[in-house]
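Text of my_file.csv, listed as CSV, C-alpha atoms:
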```
chain,number,residue,atom,x,y,z
A,407,MET,CA,0.0,0.0,0.0
A,408,ARG,CA,1.4,3.4,-1.0
A,409,VAL,CA,0.1,6.6,0.6
A,410,VAL,CA,1.0,10.2,-0.2
A,411,ILE,CA,0.3,12.2,3.0
A,412,GLN,CA,-0.1,16.0,2.8
A,413,ARG,CA,-0.4,18.2,5.9
A,414,VAL,CA,-3.2,20.6,5.0
A,415,ASN,CA,-4.9,23.7,6.3
A,416,ARG,CA,-8.0,22.4,4.4
A,417,ALA,CA,-8.8,19.9,1.8
A,418,SER,CA,-11.9,18.7,-0.1
A,419,VAL,CA,-12.9,16.3,-2.8
A,420,THR,CA,-15.7,16.9,-5.3
A,421,VAL,CA,-17.4,14.4,-7.6
A,422,VAL,CA,-19.7,15.7,-10.4
A,423,GLY,CA,-20.0,19.1,-8.7
A,424,GLN,CA,-20.8,17.7,-5.2
A,425,VAL,CA,-18.4,17.8,-2.3
A,426,THR,CA,-18.1,14.3,-0.9
A,427,GLY,CA,-15.5,15.0,1.7
A,428,SER,CA,-14.0,18.0,3.4
A,429,ILE,CA,-11.7,18.7,6.3
A,430,GLU,CA,-10.0,21.7,7.9
A,431,LEU,CA,-6.6,21.2,9.6
A,432,GLY,CA,-5.4,17.7,9.1
A,433,LEU,CA,-4.0,15.2,6.6
A,434,CYS,CA,-5.0,14.4,3.0
A,435,LEU,CA,-4.1,10.9,2.1
A,436,LEU,CA,-3.9,9.7,-1.5
A,437,VAL,CA,-4.1,5.9,-1.3
A,438,GLY,CA,-2.8,3.4,-3.8
A,439,ILE,CA,-3.4,-0.3,-3.3
A,440,THR,CA,-1.5,-3.2,-4.9
A,441,HIS,CA,-2.2,-6.9,-5.3
A,442,GLU,CA,-0.2,-8.1,-2.3
A,443,ASP,CA,-1.7,-5.7,0.2
A,444,THR,CA,-3.2,-7.3,3.4
A,445,ARG,CA,-4.7,-6.3,6.7
A,446,GLU,CA,-1.1,-6.0,8.0
A,447,ASP,CA,-0.5,-3.3,5.5
A,448,ILE,CA,-3.6,-1.5,6.6
A,449,ARG,CA,-2.5,-1.7,10.3
A,450,TYR,CA,1.0,-0.4,9.4
A,451,ILE,CA,-0.4,2.6,7.4
A,452,VAL,CA,-2.9,3.6,10.0
A,453,ASP,CA,-0.5,3.3,12.9
A,454,LYS,CA,2.3,5.2,11.1
A,455,THR,CA,-0.1,7.9,9.9
A,456,LEU,CA,-1.8,8.6,13.2
A,457,ASN,CA,1.4,8.7,15.2
A,458,MET,CA,3.7,10.5,12.7
A,459,ARG,CA,4.8,13.8,14.2
A,460,ILE,CA,4.4,16.3,11.3
A,461,PHE,CA,2.5,19.2,12.9
A,462,PRO,CA,4.1,22.1,14.7
A,463,ASP,CA,3.7,22.4,18.5
A,464,GLN,CA,1.9,25.4,20.0
A,465,THR,CA,5.1,27.5,19.9
A,466,GLY,CA,5.5,26.9,16.2
A,467,ASP,CA,9.3,26.7,16.7
A,468,SER,CA,9.5,23.4,14.9
A,469,GLY,CA,7.2,21.9,12.2
A,470,PHE,CA,7.5,18.3,13.4
A,471,ASP,CA,6.4,17.9,17.0
A,472,GLU,CA,2.8,16.7,17.1
A,473,SER,CA,0.7,14.1,15.3
A,474,VAL,CA,-2.7,14.4,13.7
A,475,MET,CA,-4.1,12.9,16.9
A,476,ASP,CA,-2.4,15.5,19.0
A,477,VAL,CA,-3.9,18.4,17.0
A,478,ASN,CA,-7.3,16.6,16.6
A,479,GLY,CA,-7.0,17.1,12.9
A,480,GLY,CA,-9.2,15.6,10.2
A,481,LEU,CA,-8.4,12.9,7.6
A,482,LEU,CA,-9.4,13.0,4.0
A,483,LEU,CA,-8.7,9.7,2.2
A,484,VAL,CA,-8.8,9.6,-1.6
A,485,SER,CA,-8.3,6.3,-3.6
A,486,GLN,CA,-5.6,6.8,-6.3
A,487,PHE,CA,-4.6,3.8,-8.3
A,488,THR,CA,-2.1,5.9,-10.3
A,489,LEU,CA,0.3,5.8,-7.3
A,490,TYR,CA,1.3,2.4,-8.8
A,491,ALA,CA,1.9,3.7,-12.3
A,492,SER,CA,4.9,2.2,-14.1
A,493,THR,CA,6.6,4.5,-16.5
A,494,ARG,CA,9.5,2.2,-17.5
A,495,LYS,CA,8.4,1.6,-21.0
A,496,GLY,CA,6.7,3.9,-23.6
A,497,ARG,CA,5.0,7.2,-23.1
A,498,ARG,CA,1.8,5.9,-21.5
A,499,PRO,CA,1.9,4.8,-17.8
A,500,GLY,CA,0.9,1.2,-17.1
A,501,PHE,CA,-1.1,0.2,-14.0
A,502,THR,CA,-0.6,-3.5,-13.8
A,503,ASP,CA,0.9,-3.1,-10.2
A,504,ALA,CA,-2.4,-1.5,-9.0
A,505,ALA,CA,-5.0,-3.8,-7.6
A,506,ARG,CA,-8.2,-4.3,-9.7
A,507,PRO,CA,-11.2,-2.4,-8.3
A,508,GLU,CA,-12.9,-5.6,-7.0
A,509,GLN,CA,-9.8,-6.2,-4.8
A,510,ALA,CA,-8.9,-2.5,-4.1
A,511,GLN,CA,-12.3,-1.2,-3.0
A,512,PRO,CA,-12.8,-3.5,-0.1
A,513,MET,CA,-9.2,-2.8,1.1
A,514,PHE,CA,-9.8,0.9,0.8
A,515,ASP,CA,-13.1,0.6,2.7
A,516,GLU,CA,-11.3,-1.4,5.4
A,517,LEU,CA,-8.6,1.2,5.6
A,518,VAL,CA,-11.2,4.0,6.1
A,519,ASP,CA,-13.0,2.0,8.7
A,520,THR,CA,-9.7,1.3,10.6
A,521,PHE,CA,-8.8,5.0,10.6
A,522,ARG,CA,-12.3,5.7,12.0
A,523,MET,CA,-12.1,3.0,14.7
A,524,ASN,CA,-8.5,3.8,15.8
A,525,SER,CA,-8.5,7.5,15.8
A,526,GLY,CA,-11.9,9.0,16.8
A,527,LEU,CA,-11.0,11.8,14.3
A,528,SER,CA,-13.2,13.1,11.5
A,529,VAL,CA,-12.5,10.8,8.5
A,530,GLU,CA,-13.8,11.9,5.1
A,531,THR,CA,-13.4,10.3,1.7
A,532,GLY,CA,-13.9,10.7,-2.0
A,533,VAL,CA,-15.9,8.2,-4.1
A,534,PHE,CA,-14.0,5.1,-5.0
A,535,GLY,CA,-13.4,4.8,-8.8
A,536,ALA,CA,-15.0,8.2,-9.6
A,537,SER,CA,-13.3,11.0,-11.4
A,538,MET,CA,-12.6,13.4,-8.6
A,539,THR,CA,-11.4,17.0,-8.1
A,540,VAL,CA,-9.2,17.2,-5.0
A,541,ASP,CA,-8.6,20.7,-3.6
A,542,ILE,CA,-5.7,20.8,-1.2
A,543,GLU,CA,-4.1,23.7,0.7
A,544,ASN,CA,-0.9,22.1,1.6
A,545,ALA,CA,0.6,23.5,4.9
A,546,GLY,CA,4.4,23.8,5.0
A,547,PRO,CA,4.4,22.4,2.4
A,548,VAL,CA,4.7,19.0,3.9
A,549,THR,CA,4.3,15.9,1.7
A,550,ILE,CA,5.4,12.5,2.9
A,551,THR,CA,5.2,9.1,1.1
A,552,LEU,CA,4.5,5.9,3.1
A,553,ASP,CA,4.9,2.5,1.5
A,554,SER,CA,3.9,-0.5,3.5
A,555,ALA,CA,6.4,-2.6,1.5
A,556,GLU,CA,9.1,-0.7,3.4
A,557,ARG,CA,8.0,-1.9,6.8
A,558,SER,CA,10.0,-5.1,6.5
A,559,ALA,CA,12.7,-3.9,4.2
A,560,PRO,CA,16.2,-3.5,5.7
A,561,ARG,CA,17.3,0.1,6.3
A,562,LYS,CA,20.0,1.6,4.1
A,563,GLY,CA,23.0,3.4,5.5
```
Now, as a test, write the supplied structure out as structure tokens.
Amino acid sequence: MRVVIQRVNRASVTVVGQVTGSIELGLCLLVGITHEDTREDIRYIVDKTLNMRIFPDQTGDSGFDESVMDVNGGLLLVSQFTLYASTRKGRRPGFTDAARPEQAQPMFDELVDTFRMNSGLSVETGVFGASMTVDIENAGPVTITLDSAERSAPRKG
């Protein structure tokens, strides 16, 4: 599972002119799911995201002291299979590493449910498989990529 996390002042997702999810201060997560993803990947992403210290403390001296839980922020999750695009050959990206919708949607739904159960925060979403417009006011800017495949990979250097 691959997630691009953006610290935001506000974020929303719109489908066919209707806002389907909106948050103020918090995190916008663009979520890609691959064939090998399991519940363990979901647990890893949820735990890492909820506890990652990427918000400034009250003094504002540093930008990386508090988690989304500490600041009682919101979460906006948007499914995005293009995070598994392969651009190795040709000019058109390939998406064979992305899970098919019938596998990815239940995983995405479980990810959303797990965030809701484990955080108590406001958790909003887009519409799985829809063409969406995502409006993000990135704060910092802070953008971090998490990949659950890295949880068991040996560290370099």
Extract, using only C-alpha atoms, all DNA, RNA and protein residues at most 10 Å from Phe534 of chain A, discarding same-chain residues fewer than 6 positions from it, and format them as an mmCIF file with C-alpha atoms, keeping the file's coordinate frame.
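Resulting contents of selection-v2.cif:
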```cif
data_model
loop_
_atom_site.group_PDB
_atom_site.id
_atom_site.type_symbol
_atom_site.label_atom_id
_atom_site.label_comp_id
_atom_site.auth_asym_id
_atom_site.auth_seq_id
_atom_site.Cartn_x
_atom_site.Cartn_y
_atom_site.Cartn_z
ATOM 1 C CA VAL A 484 -8.800 9.600 -1.600
ATOM 2 C CA SER A 485 -8.300 6.300 -3.600
ATOM 3 C CA GLN A 486 -5.600 6.800 -6.300
ATOM 4 C CA PRO A 507 -11.200 -2.400 -8.300
ATOM 5 C CA ALA A 510 -8.900 -2.500 -4.100
ATOM 6 C CA GLN A 511 -12.300 -1.200 -3.000
ATOM 7 C CA PRO A 512 -12.800 -3.500 -0.100
ATOM 8 C CA PHE A 514 -9.800 0.900 0.800
ATOM 9 C CA ASP A 515 -13.100 0.600 2.700
#
```
Using all atoms listed in the file, find each residue in segment 487-563 of chain A having at least one atom no more than 12 Å away from segment 453-461 of chain A; report its shortest atom-to-atom pair and that distance in Å (one decimal), rows by chain then rising number, as a Markdown table.
```
| residue | atom | partner | partner_atom | distance |
| --- | --- | --- | --- | --- |
| A:Leu517 | CA | A:Asp453 | CA | 11.1 |
| A:Thr520 | CA | A:Asp453 | CA | 9.7 |
| A:Phe521 | CA | A:Leu456 | CA | 8.3 |
| A:Arg522 | CA | A:Leu456 | CA | 11.0 |
| A:Met523 | CA | A:Asp453 | CA | 11.7 |
| A:Asn524 | CA | A:Asp453 | CA | 8.5 |
| A:Ser525 | CA | A:Leu456 | CA | 7.3 |
| A:Gly526 | CA | A:Leu456 | CA | 10.7 |
| A:Leu527 | CA | A:Leu456 | CA | 9.8 |
| A:Val529 | CA | A:Leu456 | CA | 11.9 |
| A:Ala545 | CA | A:Phe461 | CA | 9.3 |
| A:Gly546 | CA | A:Phe461 | CA | 9.3 |
| A:Pro547 | CA | A:Ile460 | CA | 10.8 |
| A:Val548 | CA | A:Ile460 | CA | 7.9 |
| A:Thr549 | CA | A:Ile460 | CA | 9.6 |
| A:Ile550 | CA | A:Ile460 | CA | 9.3 |
| A:Thr551 | CA | A:Thr455 | CA | 10.3 |
| A:Leu552 | CA | A:Lys454 | CA | 8.3 |
| A:Asp553 | CA | A:Lys454 | CA | 10.3 |
| A:Ser554 | CA | A:Lys454 | CA | 9.6 |
| A:Glu556 | CA | A:Lys454 | CA | 11.8 |
| A:Arg557 | CA | A:Lys454 | CA | 10.1 |
```
Store the residues picked out above in a file with C-alpha atoms, as a PDB file, in the frame of the given file.
```
ATOM      1  CA  LEU A 517      -8.600   1.200   5.600  1.00  0.00           C
ATOM      2  CA  THR A 520      -9.700   1.300  10.600  1.00  0.00           C
ATOM      3  CA  PHE A 521      -8.800   5.000  10.600  1.00  0.00           C
ATOM      4  CA  ARG A 522     -12.300   5.700  12.000  1.00  0.00           C
ATOM      5  CA  MET A 523     -12.100   3.000  14.700  1.00  0.00           C
ATOM      6  CA  ASN A 524      -8.500   3.800  15.800  1.00  0.00           C
ATOM      7  CA  SER A 525      -8.500   7.500  15.800  1.00  0.00           C
ATOM      8  CA  GLY A 526     -11.900   9.000  16.800  1.00  0.00           C
ATOM      9  CA  LEU A 527     -11.000  11.800  14.300  1.00  0.00           C
ATOM     10  CA  VAL A 529     -12.500  10.800   8.500  1.00  0.00           C
ATOM     11  CA  ALA A 545       0.600  23.500   4.900  1.00  0.00           C
ATOM     12  CA  GLY A 546       4.400  23.800   5.000  1.00  0.00           C
ATOM     13  CA  PRO A 547       4.400  22.400   2.400  1.00  0.00           C
ATOM     14  CA  VAL A 548       4.700  19.000   3.900  1.00  0.00           C
ATOM     15  CA  THR A 549       4.300  15.900   1.700  1.00  0.00           C
ATOM     16  CA  ILE A 550       5.400  12.500   2.900  1.00  0.00           C
ATOM     17  CA  THR A 551       5.200   9.100   1.100  1.00  0.00           C
ATOM     18  CA  LEU A 552       4.500   5.900   3.100  1.00  0.00           C
ATOM     19  CA  ASP A 553       4.900   2.500   1.500  1.00  0.00           C
ATOM     20  CA  SER A 554       3.900  -0.500   3.500  1.00  0.00           C
ATOM     21  CA  GLU A 556       9.100  -0.700   3.400  1.00  0.00           C
ATOM     22  CA  ARG A 557       8.000  -1.900   6.800  1.00  0.00           C
TER      23      ARG A 557
END
```
**Request:** Just the residues within 10 Å of Asn544 of chain A, please, counting all atoms listed in the file, with nothing from its chain fewer than 2 positions along; format it as a PyMOL selection string.
**Result:** chain A and resi 412-417+431-434+541-542+546-549
So for segment 462-477 of chain A, what box centre and size do we get, axis-aligned, 6 Å extra on each of the six sides, every listed atom, Å to one decimal, as JSON?
```
{"center_x": 2.7, "center_y": 20.2, "center_z": 16.1, "size_x": 25.6, "size_y": 26.6, "size_z": 19.8}
```
**Request:** Please indicate the distance in Å from atom CA of Asp519 of chain A to atom CA of Ala536 of chain A, rounded to one decimal place.
**Result:** 19.4 Å
**Between atom CA of Lys495 of chain A and atom CA of Ala555 of chain A, distance in Å (one decimal)** = 23.0 Å
**Item:** Polymer residues at most 9 Å from (-1.0, 18.2, 16.5) by all atoms listed in the file, as an MDAnalysis selection string
**Value:** chainID A and resid 432 459:464 471:479
**Among listed residues A:Glu516, A:Gly466, A:Ser528, A:Val410, nearest Gly438 of chain A (using only C-alpha atoms)** =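 Ranking A:Glu516, A:Gly466, A:Ser528, A:Val410 by distance to Gly438 of chain A, first place goes to A:Val410.
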**Request:** Give the answer as one residue: which of A:Leu482, A:Thr502, A:Ile439, A:Arg449 has the shortest atom-to-atom distance to Val533 of chain A, using only C-alpha atoms?
**Result:**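 Smallest separation from Val533 of chain A among the options: A:Leu482.
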Is it possible to dump segment 522-539 of chain A as a compact mmCIF listing (two decimals), in the first residue's frame, including just C-alpha atoms?
```
# COMPACT_ATOMS: atom_id res chain seq x y z
CA ARG A 522 -12.28 5.72 12.04
CA MET A 523 -12.09 3.01 14.72
CA ASN A 524 -8.51 3.76 15.79
CA SER A 525 -8.54 7.54 15.78
CA GLY A 526 -11.88 9.03 16.76
CA LEU A 527 -11.04 11.79 14.27
CA SER A 528 -13.23 13.07 11.47
CA VAL A 529 -12.51 10.78 8.48
CA GLU A 530 -13.83 11.88 5.10
CA THR A 531 -13.45 10.27 1.66
CA GLY A 532 -13.90 10.73 -2.01
CA VAL A 533 -15.88 8.22 -4.10
CA PHE A 534 -13.97 5.07 -5.00
CA GLY A 535 -13.40 4.78 -8.77
CA ALA A 536 -14.96 8.15 -9.59
CA SER A 537 -13.30 11.01 -11.42
CA MET A 538 -12.61 13.42 -8.55
CA THR A 539 -11.37 16.95 -8.10
```
